[in-house]
Amino acid sequence: MNDESQPAAPRIIRGRGTASAIAGRFATTTTTLESDGWCTEPETDPVPRTQVLAEHAKSIIATNRSPDIPFSQSINPYRGCEHGCIYCYARPAHAYMDLSPGLDFETRLFYKPNAAELLERALRKSNYVCSPIALGTNTDPYQPLEKDKQVTQQILQVLQRYRHPVTIVTKGQLIQRDLPILAEMAQDNLVHAAISVTTLENALKRKLEPRTAGPAARLRTIEALASAGIPTAVMAAPMIPALNDAELEKILQSAHGAGAIHAAYILLRLPFEVAPLFRQWLQEHYPERAEHVMSIVQQSRGGKDNQSEFEQRQRGTGVFAQLLQQRFRVTCRKLGLNQRKLDLDCSQFTLPPRSGDQQSLF
């Protein structure tokens with residue numbers, strides 16, 4: 001006999017990080033589906049399709065003064081990300097648009113068709129001060145949508161013309177499409193790239209980051225970038241206790257073997273709506289270790305699911321966090337990673353002439 005008081009089994013949507021349309025923290029009303037006792041078969045929703053909308057932004061360069069972030073300027077060509085990484089700390093941003101940080105984040109995407117135009121306008125302002133612009137600090141600039149919309153490529157073309165330094169973080173092998181641009185900029189010390197490698201296990205990747213390139217493809221991307229003369233780093237992020245943290249050394253070794261000269265890591269962050277989404281994901285995919293994972297997370301986050309304080313939010317605190325940091329440092333020292341500074345050259349920034357501009361007499 002079925003016990004109708006038991007909650008329905010969690011639903012997993014193939015190719016999506018979550019099936020939950022969890023409400024954002026600013027939502028004033030929420031709705032939930034409840035059984036009326038008459039339905040004998042569970043309702044099945046159709047597989048959610050990706051919807052893409054144009055967002056005509058008013059400005060394109062975001063600035064920050066965070067002491068634990070190595071850049072002061074960034075550009076995000078897209079809102080939302082089809083990669084569907086369950087842990088993505090950018091998910092809560094969808095709440096500002098009255099959308100779910102859950103399923104909407106990976107199915108309701110926005111691109112900025114006027115990004116290149118806005119960037120050029122910003123670079124030409126008389127009070128603009130050149131400093132490296134970071135791409136990929138929120139959502140991935142080379143997510144699948146980029147193949148069609150090419151917003152990231154248009155931004156790079158502007159930066160190349162203005163000889164403006166740029167850094168890129170991505171999981172997408174589509175960055176190889178732009179190797180000609182990046183290789184030319186690298187010759188003048190105007191670019192470096194970082195490839196995020198979360199795991200080397202395909203089975204875990206498919207659950208954790210369902211629509212991203214596989215581990216082997218990411219290592220090949222590091223190799224392609226390095227072979228083209230582009231200084232390349234590996235981001236072992238996020239490190240999740242009792243899930244992928246045991247892979248830290250192997251990730252660093254594999255990336256170094258592919259040509260990475262720099263490395264970084266971030267301990268799992270669970271801000272705002274990401275925490276309940278990640279907890280749901282653990283129960284769906286790893287119920288036998290969910291409690292253990294979250295126990296170590298909280299031990300590393302001052303007894304909470306998340307820490308937002310500067311410095312601590314990236315590395316965490318406590319015994320596990322300290323050991324992780326020591327393991328990272330020891331491995332980097334053995335491999336020779338992080339021995340070279342990746343300071344980009346801002347002195348080459350210049351304003352190229354526009355059609356109709358008066359030519360200089362000298």
# chains A, B, ... in the order shown; residues from 1 in each chain; ligands from 1
call {"tool": "select_by_dssp", "arguments": {"residues": "range 116-264 of chain A", "states": "alpha helix (DSSP H)", "output": "PyMOL selection string"}}
result
chain A and resi 116-123+146-149+151-161+179-187+202-208+215-227+248-258
call {"tool": "residues_around", "arguments": {"residues": "Asn244 in chain A", "least_positions_apart": "2", "cutoff": "10 Å", "atoms": "only C-alpha atoms", "output": "list in words"}}
result
Thr198, Thr199, Leu200, Glu201, Leu204, Ala236, Ala237, Pro238, Met239, Ile240, Pro241, Ala242, Ala246, Glu247 and Leu248 of chain A
call {"tool": "residues_around", "arguments": {"residues": "Thr331 in chain A", "least_positions_apart": "4", "cutoff": "8 Å", "atoms": "only C-alpha atoms", "output": "MDAnalysis selection string"}}
result
chainID A and resid 249 252 327 335
call {"tool": "atom_distance", "arguments": {"atom1": "CA of Asp104 in chain A", "atom2": "CA of Gly15 in chain A"}}
result
13.9 Å
call {"tool": "select_by_dssp", "arguments": {"residues": "range 154-259 of chain A", "states": "strand (DSSP E or B)", "output": "ChimeraX atom specification"}}
result
/A:166-170,191-196,232-239
call {"tool": "atom_distance", "arguments": {"atom1": "CA of Gln153 in chain A", "atom2": "CA of Pro113 in chain A"}}
result
11.6 Å
call {"tool": "closest_residue", "arguments": {"among": "A:Arg301, A:Arg91, A:Arg108, A:Arg124", "to": "Ala54 in chain A", "atoms": "only C-alpha atoms"}}
result
A:Arg108
call {"tool": "residues_around", "arguments": {"residues": "Gly214 in chain A", "least_positions_apart": "6", "cutoff": "12 Å", "atoms": "only C-alpha atoms", "output": "JSON, numbers by chain"}}
result
{"A": [83, 171, 172, 173, 195, 196, 197, 198, 199, 200, 201, 202, 203, 204, 205, 206, 207, 208, 220, 221]}
call {"tool": "closest_residue", "arguments": {"among": "A:Ile61, A:Ile12, A:Leu344, A:Leu119", "to": "Asn76 in chain A", "atoms": "only C-alpha atoms"}}
result
A:Ile61
call {"tool": "residues_around", "arguments": {"residues": "Ser254 in chain A", "least_positions_apart": "2", "cutoff": "10 Å", "atoms": "only C-alpha atoms", "output": "PDB file with N, CA and C atoms, in the first residue's frame"}}
result
ATOM      1  N   VAL A 197      38.546  23.481 -14.165  1.00  0.00           N
ATOM      2  CA  VAL A 197      38.464  22.020 -14.168  1.00  0.00           C
ATOM      3  C   VAL A 197      38.012  21.588 -12.775  1.00  0.00           C
ATOM      4  N   LEU A 200      37.869  15.338 -12.839  1.00  0.00           N
ATOM      5  CA  LEU A 200      38.353  14.554 -13.968  1.00  0.00           C
ATOM      6  C   LEU A 200      37.470  13.340 -14.218  1.00  0.00           C
ATOM      7  N   ALA A 216      38.359  15.816 -20.307  1.00  0.00           N
ATOM      8  CA  ALA A 216      39.405  15.658 -21.325  1.00  0.00           C
ATOM      9  C   ALA A 216      39.400  16.821 -22.305  1.00  0.00           C
ATOM     10  N   LEU A 219      41.125  19.821 -20.718  1.00  0.00           N
ATOM     11  CA  LEU A 219      42.584  19.688 -20.726  1.00  0.00           C
ATOM     12  C   LEU A 219      43.135  19.939 -22.128  1.00  0.00           C
ATOM     13  N   VAL A 234      44.816  27.055 -14.525  1.00  0.00           N
ATOM     14  CA  VAL A 234      43.738  26.121 -14.227  1.00  0.00           C
ATOM     15  C   VAL A 234      43.051  26.586 -12.956  1.00  0.00           C
ATOM     16  N   GLU A 249      45.025  17.350  -6.279  1.00  0.00           N
ATOM     17  CA  GLU A 249      46.384  17.142  -6.791  1.00  0.00           C
ATOM     18  C   GLU A 249      46.380  16.636  -8.230  1.00  0.00           C
ATOM     19  N   LYS A 250      45.474  15.710  -8.522  1.00  0.00           N
ATOM     20  CA  LYS A 250      45.431  15.140  -9.872  1.00  0.00           C
ATOM     21  C   LYS A 250      44.999  16.185 -10.904  1.00  0.00           C
ATOM     22  N   ILE A 251      44.068  17.049 -10.523  1.00  0.00           N
ATOM     23  CA  ILE A 251      43.650  18.128 -11.433  1.00  0.00           C
ATOM     24  C   ILE A 251      44.827  19.050 -11.741  1.00  0.00           C
ATOM     25  N   LEU A 252      45.547  19.443 -10.705  1.00  0.00           N
ATOM     26  CA  LEU A 252      46.692  20.325 -10.903  1.00  0.00           C
ATOM     27  C   LEU A 252      47.765  19.657 -11.750  1.00  0.00           C
ATOM     28  N   HIS A 256      48.843  20.966 -15.420  1.00  0.00           N
ATOM     29  CA  HIS A 256      50.250  21.329 -15.629  1.00  0.00           C
ATOM     30  C   HIS A 256      50.829  20.554 -16.806  1.00  0.00           C
ATOM     31  N   GLY A 257      50.488  19.279 -16.906  1.00  0.00           N
ATOM     32  CA  GLY A 257      50.952  18.483 -18.025  1.00  0.00           C
ATOM     33  C   GLY A 257      50.434  18.978 -19.364  1.00  0.00           C
ATOM     34  N   ALA A 258      49.261  19.626 -19.340  1.00  0.00           N
ATOM     35  CA  ALA A 258      48.674  20.172 -20.572  1.00  0.00           C
ATOM     36  C   ALA A 258      49.241  21.540 -20.927  1.00  0.00           C
ATOM     37  N   GLY A 259      49.978  22.158 -19.990  1.00  0.00           N
ATOM     38  CA  GLY A 259      50.603  23.442 -20.300  1.00  0.00           C
ATOM     39  C   GLY A 259      50.236  24.600 -19.397  1.00  0.00           C
ATOM     40  N   ALA A 260      49.418  24.364 -18.370  1.00  0.00           N
ATOM     41  CA  ALA A 260      49.051  25.452 -17.452  1.00  0.00           C
ATOM     42  C   ALA A 260      50.279  25.885 -16.654  1.00  0.00           C
TER      43      ALA A 260
END
call {"tool": "closest_residue", "arguments": {"among": "A:Ala186, A:Pro276, A:Leu268, A:Arg315", "to": "Val297 in chain A", "atoms": "only C-alpha atoms"}}
result
A:Leu268
